[in-house]
Amino acid sequence: MKVNLSKNIGTSIWSEWPSCIFYFGSTGFLAILAYLYNINLMLIADLIRFTLIPFILFLIYRVYHKQKLLANLKKACTQGQVLTINDPHGLIEKAFSNAFNQVQQQRLQVENGVQEQFKQHRDYLIMWSHEVKTPLTALSLLAENENEVASIDVQQQVALAYHQLDLILTYERLADFNHDLVFEWCTVDELLNVIIKKYAVFFIKKQITPQLDITNDAILTDTKWIAVILEQLLMNALKYSKTQTTITIKWRDNKIIISDTGIGIDTSDLPRVFEPGFTGENGRQHGSATGMGLYISRRISNLLGLKLVLKSQLKQGTSAILQFPREKVRHC
């Protein structure tokens with residue numbers, strides 16, 4: 001933004017009118033006193049003659065100081081810097097400088113935080129885009145190497161792509177979470193059966209048997225958001241389970257417990273599994289991990305007033321436990 005410097009100088013000069021009024025008013029008052037008391041008016045003339053030039057120089061310095069202060073202020077605003085006043089004139093300038101710098105530092109912190117969030121957001125989207133390409137690449141290789149591709153293979157890769165896309169959309173919707181809530185009573189068995197059917201292709205492909213021990217107790221929750229958590233927990237259990245094993249899904253003491261007998265989680269990684277972008281040793285060994293699924297699940301569970309914990313032992317399996325408050329459970 002261009003600033004009219006001459007206008008600023010004129011404004012700075014005009015702002016010194018109180019000093020001019022004080023100077024000329026004082027000399028005029030002295031002249032009136034000299035006239036009333038028959039004092040030689042030459043004394044007043046000499047007073048004006050010896051003080052006018054210093055007064056003008058004082059005004060020039062004041063205008064210069066204001067212009068310098070305005071220039072520093074403009075530079076600080078446009079370049080995002082703190083305001084530097086080497087020799088502040090009076091308590092007001094000093095207080096203004098301190099207050100401005102505090103506000104400026106807070107603004108810079110907010111801007112840096114926003115830039116960091118934007119960078120993380122961009123990195124997550126890039127990472128997810130690669131994850132979405134993985135099943136598409138697998139389908140392309142199957143089509144190149146086989147004249148006929150098994151339906152189960154196509155369904156699995158398509159389901160993987162949908163799962164990653166759902167995670168991206170869920171991550172985007174989290175920013176407007178409170179505007180997208182609809183709480184209603186739903187039964188535990190109905191909720192879990194829908195999710196198991198949705199991922200049936202993975203159970204069939206890996207020959208994994210789901211063992212259900214659930215009831216028709218009702219829970220008060222948002223079915224769409226709670227499904228995101230359960231789908232991610234079930235997907236993790238399927239992903240890290242060996243073929244021809246079982247996954248147990250139980251309802252006990254107001255808790256949904258999803259347990260597998262898979263590779264488990266290393267003790268050193270377990271405290272960090274809910275951190276955004278953390279993949280741990282399992283992610284490095286098995287690949288195809290964004291480290292965002294459990295982070296999103298924990299964040300949604302906290303927003304819904306639920307408690308999500310993981311218990312695991314390396315090479316023995318993992319149990320994901322989602323606990324509901326008593327007031328949100330209705331036993332049948």
# chains A, B, ... in the order shown; residues from 1 in each chain; ligands from 1
>>> residues_around(residues="A:Leu165", least_positions_apart="2", cutoff="12 Å", atoms="only C-alpha atoms", output="PDB file with N, CA, C and O atoms, in the first residue's frame")
ATOM      1  N   LEU A 125      -2.250 -34.546   3.233  1.00  0.00           N
ATOM      2  CA  LEU A 125      -2.996 -34.782   2.001  1.00  0.00           C
ATOM      3  C   LEU A 125      -2.112 -35.433   0.940  1.00  0.00           C
ATOM      4  O   LEU A 125      -2.561 -36.316   0.199  1.00  0.00           O
ATOM      5  N   MET A 127       0.479 -37.346   1.569  1.00  0.00           N
ATOM      6  CA  MET A 127       0.692 -38.712   2.031  1.00  0.00           C
ATOM      7  C   MET A 127      -0.519 -39.580   1.721  1.00  0.00           C
ATOM      8  O   MET A 127      -0.394 -40.712   1.243  1.00  0.00           O
ATOM      9  N   TRP A 128      -1.719 -39.042   1.979  1.00  0.00           N
ATOM     10  CA  TRP A 128      -2.936 -39.799   1.707  1.00  0.00           C
ATOM     11  C   TRP A 128      -3.114 -40.054   0.208  1.00  0.00           C
ATOM     12  O   TRP A 128      -3.618 -41.099  -0.196  1.00  0.00           O
ATOM     13  N   SER A 129      -2.729 -39.074  -0.604  1.00  0.00           N
ATOM     14  CA  SER A 129      -2.863 -39.267  -2.052  1.00  0.00           C
ATOM     15  C   SER A 129      -2.030 -40.450  -2.518  1.00  0.00           C
ATOM     16  O   SER A 129      -2.441 -41.210  -3.398  1.00  0.00           O
ATOM     17  N   HIS A 130      -0.854 -40.627  -1.908  1.00  0.00           N
ATOM     18  CA  HIS A 130      -0.024 -41.783  -2.246  1.00  0.00           C
ATOM     19  C   HIS A 130      -0.679 -43.077  -1.772  1.00  0.00           C
ATOM     20  O   HIS A 130      -0.599 -44.115  -2.451  1.00  0.00           O
ATOM     21  N   GLU A 131      -1.324 -43.020  -0.597  1.00  0.00           N
ATOM     22  CA  GLU A 131      -1.993 -44.221  -0.081  1.00  0.00           C
ATOM     23  C   GLU A 131      -3.176 -44.619  -0.957  1.00  0.00           C
ATOM     24  O   GLU A 131      -3.455 -45.799  -1.137  1.00  0.00           O
ATOM     25  N   VAL A 132      -3.878 -43.616  -1.502  1.00  0.00           N
ATOM     26  CA  VAL A 132      -4.991 -43.916  -2.395  1.00  0.00           C
ATOM     27  C   VAL A 132      -4.476 -44.547  -3.688  1.00  0.00           C
ATOM     28  O   VAL A 132      -5.135 -45.417  -4.282  1.00  0.00           O
ATOM     29  N   LYS A 133      -3.295 -44.133  -4.126  1.00  0.00           N
ATOM     30  CA  LYS A 133      -2.728 -44.689  -5.358  1.00  0.00           C
ATOM     31  C   LYS A 133      -2.328 -46.142  -5.196  1.00  0.00           C
ATOM     32  O   LYS A 133      -2.291 -46.889  -6.188  1.00  0.00           O
ATOM     33  N   PRO A 135      -3.801 -48.973  -3.801  1.00  0.00           N
ATOM     34  CA  PRO A 135      -4.727 -49.994  -4.326  1.00  0.00           C
ATOM     35  C   PRO A 135      -4.993 -49.853  -5.817  1.00  0.00           C
ATOM     36  O   PRO A 135      -5.214 -50.847  -6.507  1.00  0.00           O
ATOM     37  N   VAL A 158     -10.559 -51.886  -4.127  1.00  0.00           N
ATOM     38  CA  VAL A 158     -11.515 -50.776  -4.170  1.00  0.00           C
ATOM     39  C   VAL A 158     -11.895 -50.351  -2.753  1.00  0.00           C
ATOM     40  O   VAL A 158     -12.001 -49.159  -2.452  1.00  0.00           O
ATOM     41  N   ALA A 159     -12.090 -51.340  -1.865  1.00  0.00           N
ATOM     42  CA  ALA A 159     -12.435 -51.026  -0.474  1.00  0.00           C
ATOM     43  C   ALA A 159     -11.302 -50.275   0.209  1.00  0.00           C
ATOM     44  O   ALA A 159     -11.543 -49.355   1.008  1.00  0.00           O
ATOM     45  N   LEU A 160     -10.058 -50.639  -0.088  1.00  0.00           N
ATOM     46  CA  LEU A 160      -8.908 -49.921   0.478  1.00  0.00           C
ATOM     47  C   LEU A 160      -8.890 -48.467   0.014  1.00  0.00           C
ATOM     48  O   LEU A 160      -8.636 -47.550   0.805  1.00  0.00           O
ATOM     49  N   ALA A 161      -9.153 -48.258  -1.275  1.00  0.00           N
ATOM     50  CA  ALA A 161      -9.179 -46.889  -1.805  1.00  0.00           C
ATOM     51  C   ALA A 161     -10.287 -46.075  -1.145  1.00  0.00           C
ATOM     52  O   ALA A 161     -10.089 -44.921  -0.744  1.00  0.00           O
ATOM     53  N   TYR A 162     -11.474 -46.678  -0.992  1.00  0.00           N
ATOM     54  CA  TYR A 162     -12.579 -45.989  -0.334  1.00  0.00           C
ATOM     55  C   TYR A 162     -12.241 -45.667   1.122  1.00  0.00           C
ATOM     56  O   TYR A 162     -12.600 -44.598   1.639  1.00  0.00           O
ATOM     57  N   HIS A 163     -11.560 -46.601   1.777  1.00  0.00           N
ATOM     58  CA  HIS A 163     -11.201 -46.381   3.177  1.00  0.00           C
ATOM     59  C   HIS A 163     -10.290 -45.164   3.324  1.00  0.00           C
ATOM     60  O   HIS A 163     -10.491 -44.329   4.213  1.00  0.00           O
ATOM     61  N   LEU A 167     -11.077 -41.495   5.102  1.00  0.00           N
ATOM     62  CA  LEU A 167     -10.213 -40.882   6.117  1.00  0.00           C
ATOM     63  C   LEU A 167      -9.896 -39.430   5.767  1.00  0.00           C
ATOM     64  O   LEU A 167      -9.900 -38.552   6.641  1.00  0.00           O
ATOM     65  N   ILE A 168      -9.622 -39.174   4.500  1.00  0.00           N
ATOM     66  CA  ILE A 168      -9.338 -37.799   4.073  1.00  0.00           C
ATOM     67  C   ILE A 168     -10.545 -36.901   4.339  1.00  0.00           C
ATOM     68  O   ILE A 168     -10.423 -35.806   4.902  1.00  0.00           O
ATOM     69  N   LEU A 169     -11.722 -37.372   3.932  1.00  0.00           N
ATOM     70  CA  LEU A 169     -12.936 -36.572   4.122  1.00  0.00           C
ATOM     71  C   LEU A 169     -13.238 -36.371   5.603  1.00  0.00           C
ATOM     72  O   LEU A 169     -13.676 -35.289   6.025  1.00  0.00           O
ATOM     73  N   THR A 170     -13.000 -37.400   6.408  1.00  0.00           N
ATOM     74  CA  THR A 170     -13.225 -37.283   7.850  1.00  0.00           C
ATOM     75  C   THR A 170     -12.283 -36.258   8.458  1.00  0.00           C
ATOM     76  O   THR A 170     -12.683 -35.435   9.297  1.00  0.00           O
ATOM     77  N   TYR A 171     -11.024 -36.301   8.053  1.00  0.00           N
ATOM     78  CA  TYR A 171     -10.032 -35.343   8.547  1.00  0.00           C
ATOM     79  C   TYR A 171     -10.451 -33.911   8.201  1.00  0.00           C
ATOM     80  O   TYR A 171     -10.297 -32.992   9.015  1.00  0.00           O
ATOM     81  N   GLU A 172     -10.995 -33.716   6.992  1.00  0.00           N
ATOM     82  CA  GLU A 172     -11.444 -32.387   6.588  1.00  0.00           C
ATOM     83  C   GLU A 172     -12.660 -31.951   7.395  1.00  0.00           C
ATOM     84  O   GLU A 172     -12.788 -30.784   7.761  1.00  0.00           O
ATOM     85  N   GLY A 293      -4.935 -42.675  11.225  1.00  0.00           N
ATOM     86  CA  GLY A 293      -6.184 -43.352  11.578  1.00  0.00           C
ATOM     87  C   GLY A 293      -6.471 -43.325  13.062  1.00  0.00           C
ATOM     88  O   GLY A 293      -7.566 -42.937  13.490  1.00  0.00           O
TER      89      GLY A 293
END
>>> select_by_dssp(residues="stretch 55-204 of chain A", states="helix (DSSP H, G or I)", output="VMD selection string")
chain A and resid 55 to 79 90 to 145 151 to 180 188 to 198 200 to 204
>>> closest_residue(among="A:Gly28, A:Pro18, A:Pro325, A:Gly291", to="A:Asp269", atoms="only C-alpha atoms")
A:Gly291
>>> atom_distance(atom1="atom CA of A:Pro271", atom2="atom CA of A:Tyr124")
21.3 Å
>>> closest_residue(among="A:Leu270, A:Ser241, A:Leu234, A:Trp251", to="A:Ser297", atoms="only C-alpha atoms")
A:Leu234
>>> closest_residue(among="A:Leu83, A:Ser301, A:Ser26, A:Gln164", to="A:Asn98", atoms="only C-alpha atoms")
A:Leu83
